[in-house]
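Asks: Contents are mmCIF, C-alpha atoms; file name work-v2.cif:
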```cif
data_final
#
loop_
_atom_site.label_atom_id
_atom_site.label_comp_id
_atom_site.auth_asym_id
_atom_site.auth_seq_id
_atom_site.Cartn_x
_atom_site.Cartn_y
_atom_site.Cartn_z
CA MET G 1 74.12 113.37 62.50
CA SER G 2 75.07 110.23 60.60
CA PHE G 3 75.04 106.83 62.27
CA LEU G 4 77.30 104.32 60.54
CA SER G 5 77.63 100.62 61.14
CA PRO G 6 81.01 99.73 62.63
CA VAL G 7 83.31 97.30 60.90
CA PRO G 8 83.55 94.28 63.24
CA GLY G 9 87.08 93.86 64.52
CA GLY G 10 88.25 96.96 62.63
CA SER G 11 89.11 100.51 63.55
CA PRO G 12 86.35 102.55 65.20
CA GLN G 13 83.91 104.22 62.84
CA ARG G 14 82.16 106.36 65.47
CA VAL G 15 84.17 108.21 68.10
CA LEU G 16 82.58 110.29 70.85
CA ILE G 17 84.83 112.81 72.62
CA TYR G 18 83.79 114.42 75.90
CA SER G 19 85.38 117.78 76.71
CA HIS G 20 83.88 119.40 79.81
CA ASP G 21 85.24 122.93 79.10
CA THR G 22 84.34 124.95 82.17
CA PHE G 23 87.08 127.55 81.67
CA GLY G 24 89.25 128.66 78.78
CA LEU G 25 89.82 127.03 75.41
CA GLY G 26 92.32 124.27 76.17
CA HIS G 27 90.05 121.23 76.31
CA LEU G 28 88.09 122.06 73.16
CA ARG G 29 91.21 122.84 71.14
CA ARG G 30 92.82 119.56 72.21
CA ALA G 31 89.65 117.60 71.40
CA ARG G 32 89.41 119.31 68.00
CA ALA G 33 93.02 118.46 67.11
CA ILE G 34 92.45 114.81 68.01
CA ALA G 35 89.14 114.64 66.14
CA HIS G 36 90.68 116.10 62.99
CA ALA G 37 93.54 113.60 63.19
CA LEU G 38 91.08 110.71 63.52
CA VAL G 39 89.08 111.64 60.40
CA ALA G 40 92.14 112.51 58.30
CA GLY G 41 92.45 109.79 55.69
CA ALA G 42 89.39 107.98 57.04
CA PRO G 43 86.36 109.56 55.29
CA GLU G 44 84.05 106.85 56.62
CA ARG G 45 84.74 107.78 60.24
CA ARG G 46 82.54 110.15 62.24
CA VAL G 47 83.53 112.02 65.40
CA VAL G 48 81.22 113.92 67.73
CA ILE G 49 82.67 116.32 70.32
CA LEU G 50 80.63 117.20 73.39
CA SER G 51 81.91 120.55 74.65
CA GLY G 52 80.84 123.12 77.20
CA SER G 53 82.87 125.90 75.56
CA PRO G 54 80.83 129.07 74.93
CA VAL G 55 83.00 129.90 71.91
CA SER G 56 82.86 126.53 70.14
CA HIS G 57 80.97 128.25 67.30
CA ALA G 58 84.10 130.27 66.47
CA PHE G 59 86.01 127.18 65.37
CA ARG G 60 85.78 125.34 62.09
CA PHE G 61 85.54 121.56 62.13
CA ALA G 62 86.69 119.15 59.47
CA PRO G 63 84.20 117.07 57.46
CA GLY G 64 83.14 114.15 59.59
CA VAL G 65 83.53 116.09 62.86
CA THR G 66 80.53 117.58 64.69
CA CYS G 67 80.61 119.64 67.88
CA ARG G 68 77.58 119.50 70.18
CA ARG G 69 77.38 122.23 72.79
CA LEU G 70 76.71 121.38 76.44
CA PRO G 71 75.12 124.04 78.69
CA GLY G 72 77.94 126.22 79.96
CA VAL G 73 79.35 126.57 83.45
CA THR G 74 82.11 128.84 84.65
CA LYS G 75 84.62 128.81 87.47
CA LEU G 76 84.57 131.67 89.99
CA ALA G 77 87.60 133.18 91.69
CA SER G 78 86.61 131.25 94.83
CA GLY G 79 87.02 127.96 92.97
CA GLU G 80 83.27 127.33 92.96
CA TYR G 81 81.27 126.87 89.77
CA GLN G 82 78.06 128.43 88.53
CA SER G 83 75.86 128.21 85.44
CA LEU G 84 76.58 130.56 82.55
CA GLY G 85 72.83 130.77 81.94
CA PRO G 86 70.84 133.07 84.26
CA GLY G 87 68.24 131.56 86.54
CA HIS G 88 69.66 128.03 86.57
CA GLY G 89 71.22 126.38 89.59
CA LEU G 90 74.40 124.33 89.20
CA ASP G 91 72.70 121.02 90.07
CA GLU G 92 70.06 121.66 87.41
CA VAL G 93 72.68 122.43 84.78
CA VAL G 94 74.73 119.34 85.63
CA ALA G 95 71.62 117.17 85.39
CA THR G 96 70.80 118.68 81.98
CA ARG G 97 74.35 118.16 80.75
CA ALA G 98 74.39 114.56 81.99
CA ALA G 99 71.10 113.83 80.23
CA LEU G 100 72.37 115.35 76.98
CA ILE G 101 75.61 113.36 77.16
CA ARG G 102 73.63 110.16 77.70
CA HIS G 103 71.18 111.00 74.88
CA VAL G 104 73.94 111.70 72.33
CA ALA G 105 75.80 108.54 73.33
CA GLU G 106 72.67 106.40 72.94
CA ARG G 107 71.82 107.89 69.55
CA PHE G 108 75.36 107.94 68.19
CA ALA G 109 76.36 104.53 69.62
CA PRO G 110 80.12 105.14 69.55
CA ASP G 111 82.72 102.43 69.15
CA LEU G 112 85.19 104.50 71.15
CA PHE G 113 84.43 107.01 73.90
CA LEU G 114 87.34 109.36 74.67
CA VAL G 115 87.01 111.37 77.89
CA ASP G 116 89.28 114.38 78.33
CA LYS G 117 91.05 114.90 81.69
CA GLU G 118 88.17 114.38 84.17
CA PRO G 119 87.66 110.62 84.76
CA ALA G 120 84.09 111.06 86.03
CA GLY G 121 83.35 114.25 84.08
CA PHE G 122 82.34 117.57 85.56
CA HIS G 123 80.61 116.84 88.90
CA GLY G 124 80.33 113.18 87.87
CA GLU G 125 78.13 113.96 84.86
CA VAL G 126 79.72 111.41 82.54
CA LEU G 127 79.49 108.42 84.92
CA PRO G 128 76.05 107.16 83.79
CA THR G 129 77.21 107.20 80.17
CA LEU G 130 80.46 105.42 81.02
CA HIS G 131 78.55 102.57 82.66
CA ARG G 132 76.04 102.28 79.81
CA LEU G 133 78.70 102.23 77.12
CA LYS G 134 80.86 99.81 79.09
CA ALA G 135 77.95 97.39 79.26
CA ARG G 136 77.55 97.58 75.47
CA GLY G 137 81.19 96.77 74.86
CA CYS G 138 82.26 100.24 73.80
CA ARG G 139 85.95 100.96 74.26
CA LEU G 140 86.53 103.60 76.95
CA VAL G 141 89.65 105.76 76.92
CA LEU G 142 90.74 108.50 79.31
CA GLY G 143 92.95 111.15 77.70
CA LEU G 144 95.24 113.17 79.97
CA ARG G 145 97.47 116.13 79.23
CA ASP G 146 101.15 115.89 80.18
CA VAL G 147 100.75 117.73 83.50
CA LEU G 148 97.64 117.80 85.70
CA ASP G 149 98.88 119.47 88.88
CA ASP G 150 101.34 119.12 91.72
CA PRO G 151 100.81 115.56 93.07
CA ALA G 152 100.30 116.95 96.58
CA LEU G 153 97.31 118.92 95.26
CA LEU G 154 96.07 116.41 92.67
CA ALA G 155 95.80 113.46 95.06
CA PRO G 156 93.25 115.04 97.44
CA GLU G 157 91.33 116.57 94.52
CA TRP G 158 90.94 113.20 92.79
CA GLU G 159 90.08 111.55 96.09
CA ARG G 160 87.35 114.14 96.68
CA LYS G 161 85.94 113.66 93.19
CA GLY G 162 86.11 109.88 93.36
CA ALA G 163 88.28 109.94 90.23
CA LEU G 164 90.62 107.15 91.28
CA ALA G 165 87.71 104.75 91.78
CA VAL G 166 86.55 105.44 88.21
CA LEU G 167 89.88 104.60 86.54
CA PRO G 168 89.29 100.81 86.37
CA LEU G 169 86.32 101.47 84.05
CA TYR G 170 88.71 102.64 81.34
CA ASP G 171 90.27 100.23 78.91
CA SER G 172 93.17 102.59 78.21
CA LEU G 173 94.68 105.84 79.46
CA TRP G 174 96.46 107.98 76.87
CA ILE G 175 98.85 110.64 78.17
CA TYR G 176 99.49 113.38 75.62
CA GLY G 177 103.16 113.89 76.45
CA LEU G 178 106.41 112.07 77.19
CA GLU G 179 107.30 110.35 80.43
CA GLU G 180 110.82 111.81 80.37
CA ILE G 181 109.31 115.30 80.55
CA TYR G 182 106.64 114.57 83.17
CA ALA G 183 104.61 111.67 84.53
CA PRO G 184 101.25 113.18 85.58
CA LEU G 185 100.01 110.26 87.66
CA ASP G 186 103.17 109.70 89.68
CA GLY G 187 102.45 110.06 93.37
CA LEU G 188 98.86 108.79 93.08
CA ALA G 189 97.72 105.50 94.56
CA LEU G 190 96.41 104.01 91.33
CA PRO G 191 94.03 101.05 91.53
CA GLY G 192 95.48 97.68 90.53
CA GLY G 193 95.99 97.18 86.81
CA VAL G 194 95.63 100.83 85.85
CA ALA G 195 99.35 101.55 85.48
CA GLU G 196 99.59 98.81 82.83
CA ARG G 197 96.98 100.62 80.72
CA LEU G 198 98.99 103.87 80.43
CA THR G 199 100.45 104.93 77.09
CA TYR G 200 102.51 108.08 76.49
CA THR G 201 101.70 109.33 73.01
CA GLY G 202 103.97 112.36 72.68
CA TYR G 203 102.67 115.91 72.21
CA LEU G 204 100.03 116.81 69.65
CA ARG G 205 101.52 118.38 66.54
CA ARG G 206 99.59 121.40 65.18
CA GLU G 207 99.31 122.72 61.66
CA ALA G 208 98.64 126.30 60.54
CA PRO G 209 95.35 126.58 58.60
CA GLY G 210 94.94 128.67 55.48
CA ALA G 211 97.24 129.48 52.62
CA ALA G 212 100.92 128.71 52.55
CA MET G 213 103.46 131.35 53.51
CA SER G 214 103.81 134.00 50.79
CA ASP G 215 104.79 137.54 51.74
CA GLU G 216 105.44 136.66 55.38
CA ALA G 217 109.22 136.67 54.91
CA GLU G 218 109.05 140.40 54.09
CA GLU G 219 106.91 141.24 57.13
CA GLU G 220 108.51 143.13 59.98
CA PRO G 221 109.32 140.64 62.76
CA PHE G 222 107.01 140.66 65.76
CA LEU G 223 106.58 138.92 69.10
CA LEU G 224 103.28 137.14 69.64
CA VAL G 225 101.90 137.63 73.14
CA THR G 226 99.16 135.12 73.90
CA PRO G 227 97.48 134.35 77.24
CA GLY G 228 95.40 131.59 75.61
CA GLY G 229 91.74 132.03 76.42
CA GLY G 230 92.73 135.09 78.41
CA GLY G 231 90.64 134.60 81.52
CA ASP G 232 93.71 134.62 83.74
CA GLY G 233 96.11 136.48 81.46
CA VAL G 234 96.10 139.99 82.92
CA GLU G 235 99.47 139.66 84.67
CA LEU G 236 101.16 138.36 81.51
CA VAL G 237 99.93 141.19 79.27
CA GLU G 238 100.57 143.81 81.95
CA ALA G 239 104.18 142.63 82.32
CA VAL G 240 104.81 142.87 78.57
CA VAL G 241 103.17 146.29 78.17
CA ARG G 242 105.04 147.65 81.19
CA ALA G 243 108.37 146.46 79.75
CA TYR G 244 107.66 148.09 76.38
CA GLU G 245 106.67 151.35 78.06
CA ALA G 246 109.88 151.40 80.08
CA GLN G 247 112.40 150.26 77.46
CA GLY G 248 113.02 150.90 73.77
CA LEU G 249 112.49 147.35 72.53
CA ALA G 250 113.21 146.75 68.85
CA HIS G 251 110.66 144.11 67.89
CA ARG G 252 107.01 144.89 67.51
CA ALA G 253 104.68 142.90 69.75
CA LEU G 254 101.15 141.74 68.96
CA VAL G 255 98.91 140.96 71.94
CA VAL G 256 96.00 138.59 71.31
CA PHE G 257 93.83 138.97 74.40
CA GLY G 258 91.60 135.89 74.02
CA PRO G 259 87.81 135.65 74.34
CA PHE G 260 87.72 135.44 78.15
CA PHE G 261 90.07 138.31 78.99
CA PRO G 262 88.39 140.51 81.66
CA ALA G 263 86.67 143.39 79.89
CA ALA G 264 87.73 146.27 82.16
CA GLU G 265 91.38 145.22 82.20
CA GLN G 266 91.34 144.69 78.43
CA ALA G 267 89.98 148.19 77.86
CA ALA G 268 92.70 149.74 80.02
CA LEU G 269 95.50 147.70 78.45
CA SER G 270 94.17 148.32 74.93
CA ALA G 271 94.46 152.07 75.47
CA ARG G 272 98.07 151.74 76.59
CA ILE G 273 98.86 149.44 73.65
CA ALA G 274 97.28 151.85 71.17
CA ALA G 275 99.45 154.65 72.54
CA HIS G 276 102.70 152.71 71.99
CA PRO G 277 104.27 152.66 68.49
CA ARG G 278 105.67 149.12 68.84
CA LEU G 279 102.54 147.47 70.26
CA ALA G 280 99.30 146.26 68.66
CA SER G 281 96.44 144.05 69.82
CA LEU G 282 93.63 141.76 68.67
CA ASP G 283 90.64 140.65 70.69
CA PHE G 284 90.69 137.02 69.54
CA ASP G 285 91.83 134.87 66.63
CA ALA G 286 90.47 131.32 66.41
CA ARG G 287 93.32 130.47 64.05
CA LEU G 288 96.15 131.61 66.26
CA GLU G 289 98.43 129.03 64.63
CA ARG G 290 98.85 131.29 61.60
CA LEU G 291 100.16 134.12 63.78
CA MET G 292 102.46 131.82 65.72
CA ARG G 293 104.00 130.45 62.54
CA ARG G 294 104.91 134.01 61.52
CA ALA G 295 106.16 135.25 64.90
CA ALA G 296 109.81 135.86 65.71
CA GLY G 297 109.08 134.67 69.25
CA VAL G 298 106.19 133.76 71.52
CA VAL G 299 105.37 135.07 75.00
CA ALA G 300 102.82 132.88 76.77
CA MET G 301 101.72 131.34 80.05
CA GLY G 302 102.51 127.88 78.75
CA GLY G 303 99.19 126.05 78.75
CA TYR G 304 99.14 122.66 77.04
CA ASN G 305 97.91 123.77 73.61
CA THR G 306 100.21 126.77 73.40
CA PHE G 307 103.15 124.57 74.34
CA CYS G 308 102.24 122.13 71.56
CA GLU G 309 102.10 125.03 69.09
CA ILE G 310 105.47 126.40 70.23
CA LEU G 311 106.99 122.98 69.58
CA SER G 312 105.13 122.45 66.30
CA PHE G 313 106.07 125.81 64.76
CA ASP G 314 109.53 125.73 66.35
CA ARG G 315 109.29 129.21 67.86
CA PRO G 316 111.63 130.69 70.47
CA ALA G 317 109.43 131.05 73.54
CA LEU G 318 109.33 132.87 76.85
CA ILE G 319 106.93 131.36 79.37
CA LEU G 320 105.39 133.27 82.29
CA PRO G 321 103.47 130.47 84.02
CA ARG G 322 100.58 131.11 86.38
CA VAL G 323 100.37 129.10 89.61
CA ARG G 324 96.67 129.57 90.43
CA PRO G 325 94.44 127.64 90.62
CA ARG G 326 96.91 124.93 89.51
CA ARG G 327 100.68 124.61 89.31
CA GLU G 328 100.39 122.81 85.97
CA GLN G 329 101.93 125.59 83.87
CA LEU G 330 104.84 126.10 86.25
CA ILE G 331 105.64 122.37 86.31
CA ARG G 332 105.51 122.15 82.50
CA ALA G 333 107.58 125.32 82.01
CA ARG G 334 110.33 124.23 84.39
CA ALA G 335 110.51 120.76 82.83
CA ALA G 336 110.70 122.24 79.32
CA ALA G 337 113.31 124.80 80.40
CA ARG G 338 115.51 122.06 81.88
CA LEU G 339 115.54 120.48 78.41
CA GLY G 340 116.32 123.79 76.72
CA LEU G 341 112.98 123.97 74.89
CA VAL G 342 111.80 127.33 76.29
CA GLY G 343 112.85 130.21 78.51
CA VAL G 344 111.01 130.92 81.77
CA ILE G 345 110.25 133.98 83.84
CA GLU G 346 109.52 132.59 87.28
CA PRO G 347 106.45 133.81 89.21
CA GLY G 348 107.15 137.26 90.63
CA GLU G 349 110.12 137.94 88.35
CA ASP G 350 107.85 139.63 85.81
CA ARG G 351 107.53 142.55 88.22
CA ASP G 352 111.21 143.34 87.58
CA THR G 353 110.64 145.51 84.51
CA ALA G 354 114.31 145.64 83.49
CA ARG G 355 114.60 141.85 83.70
CA MET G 356 111.39 141.41 81.71
CA ALA G 357 112.55 143.85 79.03
CA ALA G 358 115.90 142.07 78.72
CA ALA G 359 114.16 138.73 78.31
CA LEU G 360 111.88 140.14 75.60
CA ALA G 361 114.83 141.71 73.75
CA ALA G 362 116.71 138.38 73.80
CA LEU G 363 113.70 136.26 72.86
CA PRO G 364 114.05 136.28 69.03
CA HIS G 365 117.66 135.15 69.44
CA ARG G 366 116.89 132.20 71.73
CA PRO G 367 117.50 128.69 70.36
CA THR G 368 114.41 127.09 68.86
CA PRO G 369 112.99 123.89 70.38
CA SER G 370 114.31 121.83 67.45
CA SER G 371 117.85 122.69 68.49
CA ARG G 372 117.31 120.23 71.34
CA PRO G 373 115.83 117.23 69.49
CA ILE G 374 113.84 114.75 71.58
CA PRO G 375 112.72 111.49 69.92
CA GLY G 376 108.94 111.14 69.66
CA LEU G 377 108.29 114.63 71.01
CA LEU G 378 105.52 115.51 68.52
CA ASP G 379 104.27 112.02 67.64
CA GLY G 380 101.04 112.33 69.63
CA LEU G 381 98.47 112.47 66.81
CA THR G 382 100.19 109.69 64.88
CA ALA G 383 100.21 107.55 68.02
CA ILE G 384 96.53 108.30 68.71
CA ARG G 385 95.54 107.23 65.19
CA ARG G 386 97.45 103.99 65.74
CA LEU G 387 95.99 103.39 69.19
CA ALA G 388 92.45 104.14 68.01
CA ALA G 389 92.80 101.58 65.23
CA ALA G 390 93.16 98.70 67.71
CA PRO G 391 90.37 96.12 67.31
CA ASP G 392 87.16 97.07 69.11
CA ALA G 393 84.02 95.28 70.03
CA PRO G 394 81.15 97.19 68.33
CA CYS G 395 78.58 98.97 70.43
CA VAL G 396 74.89 98.14 70.18
CA ALA G 397 72.80 101.09 69.03
CA ALA G 398 69.89 102.20 71.22
CA GLU G 399 66.44 101.13 70.18
#
```
What is this structure when it is put down as structure tokens?
Replies:
Amino acid sequence: MSFLSPVPGGSPQRVLIYSHDTFGLGHLRRARAIAHALVAGAPERRVVILSGSPVSHAFRFAPGVTCRRLPGVTKLASGEYQSLGPGHGLDEVVATRAALIRHVAERFAPDLFLVDKEPAGFHGEVLPTLHRLKARGCRLVLGLRDVLDDPALLAPEWERKGALAVLPLYDSLWIYGLEEIYAPLDGLALPGGVAERLTYTGYLRREAPGAAMSDEAEEEPFLLVTPGGGGDGVELVEAVVRAYEAQGLAHRALVVFGPFFPAAEQAALSARIAAHPRLASLDFDARLERLMRRAAGVVAMGGYNTFCEILSFDRPALILPRVRPRREQLIRARAAARLGLVGVIEPGEDRDTARMAAALAALPHRPTPSSRPIPGLLDGLTAIRRLAAAPDAPCVAAE
């Protein structure tokens, strides 16, 4: 790890990003996109990502970006958490994670500390580091996706976690979306002065890695079916497979299960997919952007990163949002559908096989998101580079 001296009064040279990652891929992929944007065109800058994702090793990181793994935790169906490592209690794992976060922050001495989604971190693990860095003059930023949850559910959750009381510690709050689509903190009793620190950046544009398009125009069109990380994607894939089994749909469909798709359900669905001439599947592809760029349409649950990719690659999309444990995807899907950006199958409607098959057949012919232009929609990474370049007071490195 390289420790550079910050340029006084200039843009930050060392950025630390905290991504708690207890479930799925969303937080790590968002942190990675931001980190890559921050080092693009700034070879002197260094970014360290702290992530709890168990599949962080599957992703490539740009020069100047390092990912440090935190001990993993996972969320149970009951909503409780447990350690991914055997023989370790949750309190022990949280204490270890908190110590590692503090150690990296002291060694790296960031100029800017960007915390993703959880103001106090998982079970408050980032609080000691926030206070230490604040005392050293490090700039603290809370980054929030466009939708967190239904306000009626978010307010008691944040009250229970003490999240609202932590907000005044942050110098800025960046919301990775547009206020005209959704305002994630509306309905919360924000502490004084916090509302004035909010900035809507727009969504985070994604690029497809690898070579430019070559023979893709000659490839038979296909629908990309992606449940993201896959941990809660059984209903989505089941609905698509059932529709293909019942109807003679013209387009091929490629299902990418994701690394957290339940093993037994994946085995059963894989057998049904293999038996169908218009279906195929992959376990996981860390560069899903390449597939999305080539797809004639996308079927997804509508998590934040997938939504950004649908917008970035301008794909016709059909969203089947989940509503447990959060209503985030449903809120985002309905807001996007009102603007004509995507189509939506409402919860429960996927069980109507004929309706689902009709929606899949129509998907490649849906208008693309760009047919409904919205100013600033995909300006998020450009805005973040600009916001990060605001003058900072340098941090003092640990002795």
Asks: Name the residues that the PyMOL selection byres ((chain G and resi 39) around 10) picks from the file above, as a list in words, using the file's chain letters and numbers.
Replies: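 That expression, the PyMOL selection byres ((chain G and resi 39) around 10), corresponds here to Gln13, Val15, Ile34, Ala35, His36, Ala37, Leu38, Ala40, Gly41, Ala42, Pro43, Glu44, Arg45, Arg46, Val47, Ala62, Pro63, Gly64, Val65 and Arg385 of chain G.
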Asks: Tell me which of G:Leu363, G:Leu377, G:Ala250, G:Ala383 sits closest to Cys308 of chain G, counting all atoms listed in the file.
Replies: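 Smallest distance to Cys308 of chain G is found for G:Leu377.
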Asks: Can you tell me, as JSON, the centre and edge lengths (Å, one decimal) of the axis-aligned box enclosing all of segment 120-126 of chain G's listed atoms after padding each side by 4 Å?
Replies:
```
{"center_x": 81.1, "center_y": 114.3, "center_z": 85.7, "size_x": 14.0, "size_y": 14.5, "size_z": 14.4}
```
Asks: Would you translate the PyMOL selection byres ((chain G and resi 172) around 9) into the concrete set of residues it matches in this file, as a PyMOL selection string?
Replies: chain G and resi 139-143+170-171+173-174+194+196-199
Asks: So, counting only C-alpha atoms, which residue among G:Leu236, G:Leu112, G:Ala275, G:Ala336 is closest to Phe261 of chain G?
Replies: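 That would be G:Leu236, the residue with the smallest distance to Phe261 of chain G.
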Asks: May I ask for the distance between atom CA of Pro347 of chain G and atom CA of Leu148 of chain G, given in Å to one decimal place?
Replies: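 For atom CA of Pro347 of chain G relative to atom CA of Leu148 of chain G, the distance reads 18.6 Å.
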Asks: Write out as a list in words each polymer residue whose atoms come within 6 Å of Tyr200 of chain G, counting all atoms listed in the file; drop sequence neighbours fewer than 4 positions from it.
Replies: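 These residues fall inside the cut-off: Ile175, Gly177 and Leu178 of chain G.
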Asks: Taking all atoms listed in the file into account, which of G:Cys138, G:Glu157, G:Pro375, G:Glu92 comes nearest Ala105 of chain G?
Replies: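 Smallest separation from Ala105 of chain G among the options: G:Cys138.
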Asks: Quick one: distance from atom CA of Tyr182 of chain G to atom CA of Val240 of chain G in Å, one decimal?
Replies: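 Computing the Euclidean distance for atom CA of Tyr182 of chain G and atom CA of Val240 of chain G yields 28.7 Å.
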Asks: Got a sec to resolve the PyMOL selection byres ((chain G and resi 150) around 9) on this structure and send the residues as a list in words?
Replies: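 Checked against the file, the PyMOL selection byres ((chain G and resi 150) around 9) matches Val147, Leu148, Asp149, Pro151, Ala152, Leu153, Leu154, Ala155, Pro184, Arg326, Arg327, Glu328 and Ile331 of chain G.
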Asks: For Val225 of chain G, which residue out of G:Asp283, G:Glu245, G:Glu125, G:Asp186 is the nearest one, using all atoms listed in the file?
Replies: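 So, comparing all the options, the nearest one is G:Asp283.
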Asks: G:Pro12, G:Val55, G:Phe260, G:Tyr203: which is nearest Asp111 of chain G, counting all atoms listed in the file?
Replies: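 Of G:Pro12, G:Val55, G:Phe260, G:Tyr203, the one nearest Asp111 of chain G is G:Pro12, counting all atoms listed in the file.
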Asks: Residues within 12 Å of Ala361 of chain G, please, as number ranges by chain. Count all atoms listed in the file; anything in the same chain fewer than 4 positions from it doesn't count.
Replies: G: 222-223, 240, 243-244, 247-253, 296-299, 316-318, 354-357, 365-366
Asks: Write out as a list in words each polymer residue whose atoms come within 6 Å of Arg97 of chain G, counting all atoms listed in the file; drop sequence neighbours fewer than 3 positions from it.
Replies: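 Here the qualifying residues turn out to be Leu70, Val94 and Leu100 of chain G.
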Asks: What is the distance between atom CA of Leu387 of chain G and atom CA of Ala99 of chain G, in Å to one decimal?
Replies: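 It comes out at 29.2 Å.
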Asks: For Ala189 of chain G, which residue out of G:Pro156, G:Gly26, G:Pro221, G:Pro325 is the nearest one, using all atoms listed in the file?
Replies: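 Looking at the shortest contact to Ala189 of chain G, the residue is G:Pro156.
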Asks: Excluding Ser270 of chain G and any residue of its chain fewer than 6 positions from it, enumerate the residues within 10 Å of it, using all atoms listed in the file, and give them as a list of chain:residue names.
Replies: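 That gives G:Val241, G:Val255, G:Phe257, G:Ala264, G:Leu279, G:Ala280, G:Ser281, G:Leu282, G:Asp283.
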Asks: I'd like the neighbourhood of Gln329 of chain G as an MDAnalysis selection string, where a residue qualifies if any of its atoms comes within 10 Å (using all atoms listed in the file), though same-chain residues fewer than 6 positions away should be ignored.
Replies: chainID G and resid 147:149 301:304 307 319:323 335
Asks: Just add N, CA and C atoms to segment 33-50 of chain G and send it as an mmCIF file, keeping the file's coordinate frame.
Replies:
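Result file out-v9.cif:
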```cif
data_model
loop_
_atom_site.group_PDB
_atom_site.id
_atom_site.type_symbol
_atom_site.label_atom_id
_atom_site.label_comp_id
_atom_site.auth_asym_id
_atom_site.auth_seq_id
_atom_site.Cartn_x
_atom_site.Cartn_y
_atom_site.Cartn_z
ATOM 1 N N ALA G 33 91.816 118.968 67.778
ATOM 2 C CA ALA G 33 93.020 118.460 67.110
ATOM 3 C C ALA G 33 92.974 116.942 66.982
ATOM 4 N N ILE G 34 92.539 116.267 68.039
ATOM 5 C CA ILE G 34 92.450 114.810 68.010
ATOM 6 C C ILE G 34 91.387 114.349 67.025
ATOM 7 N N ALA G 35 90.223 115.011 67.054
ATOM 8 C CA ALA G 35 89.140 114.640 66.140
ATOM 9 C C ALA G 35 89.568 114.786 64.693
ATOM 10 N N HIS G 36 90.231 115.880 64.367
ATOM 11 C CA HIS G 36 90.680 116.100 62.990
ATOM 12 C C HIS G 36 91.702 115.041 62.572
ATOM 13 N N ALA G 37 92.574 114.650 63.511
ATOM 14 C CA ALA G 37 93.540 113.600 63.190
ATOM 15 C C ALA G 37 92.845 112.266 62.933
ATOM 16 N N LEU G 38 91.776 111.990 63.665
ATOM 17 C CA LEU G 38 91.080 110.710 63.520
ATOM 18 C C LEU G 38 90.326 110.603 62.197
ATOM 19 N N VAL G 39 89.817 111.710 61.677
ATOM 20 C CA VAL G 39 89.080 111.640 60.400
ATOM 21 C C VAL G 39 89.996 111.830 59.198
ATOM 22 N N ALA G 40 91.216 112.319 59.410
ATOM 23 C CA ALA G 40 92.140 112.510 58.300
ATOM 24 C C ALA G 40 92.455 111.159 57.652
ATOM 25 N N GLY G 41 92.187 111.044 56.392
ATOM 26 C CA GLY G 41 92.450 109.790 55.690
ATOM 27 C C GLY G 41 91.467 108.688 55.976
ATOM 28 N N ALA G 42 90.409 108.987 56.727
ATOM 29 C CA ALA G 42 89.390 107.980 57.040
ATOM 30 C C ALA G 42 88.015 108.618 56.835
ATOM 31 N N PRO G 43 87.609 108.830 55.571
ATOM 32 C CA PRO G 43 86.360 109.560 55.290
ATOM 33 C C PRO G 43 85.112 108.855 55.816
ATOM 34 N N GLU G 44 85.217 107.575 56.114
ATOM 35 C CA GLU G 44 84.050 106.850 56.620
ATOM 36 C C GLU G 44 83.848 107.060 58.121
ATOM 37 N N ARG G 45 84.822 107.620 58.792
ATOM 38 C CA ARG G 45 84.740 107.780 60.240
ATOM 39 C C ARG G 45 83.972 109.039 60.602
ATOM 40 N N ARG G 46 83.249 108.993 61.715
ATOM 41 C CA ARG G 46 82.540 110.150 62.240
ATOM 42 C C ARG G 46 82.961 110.381 63.693
ATOM 43 N N VAL G 47 83.160 111.643 64.037
ATOM 44 C CA VAL G 47 83.530 112.020 65.400
ATOM 45 C C VAL G 47 82.578 113.090 65.885
ATOM 46 N N VAL G 48 82.048 112.908 67.084
ATOM 47 C CA VAL G 48 81.220 113.920 67.730
ATOM 48 C C VAL G 48 81.940 114.394 68.995
ATOM 49 N N ILE G 49 82.086 115.713 69.118
ATOM 50 C CA ILE G 49 82.670 116.320 70.320
ATOM 51 C C ILE G 49 81.552 116.908 71.155
ATOM 52 N N LEU G 50 81.526 116.574 72.415
ATOM 53 C CA LEU G 50 80.630 117.200 73.390
ATOM 54 C C LEU G 50 81.438 118.223 74.166
#
```
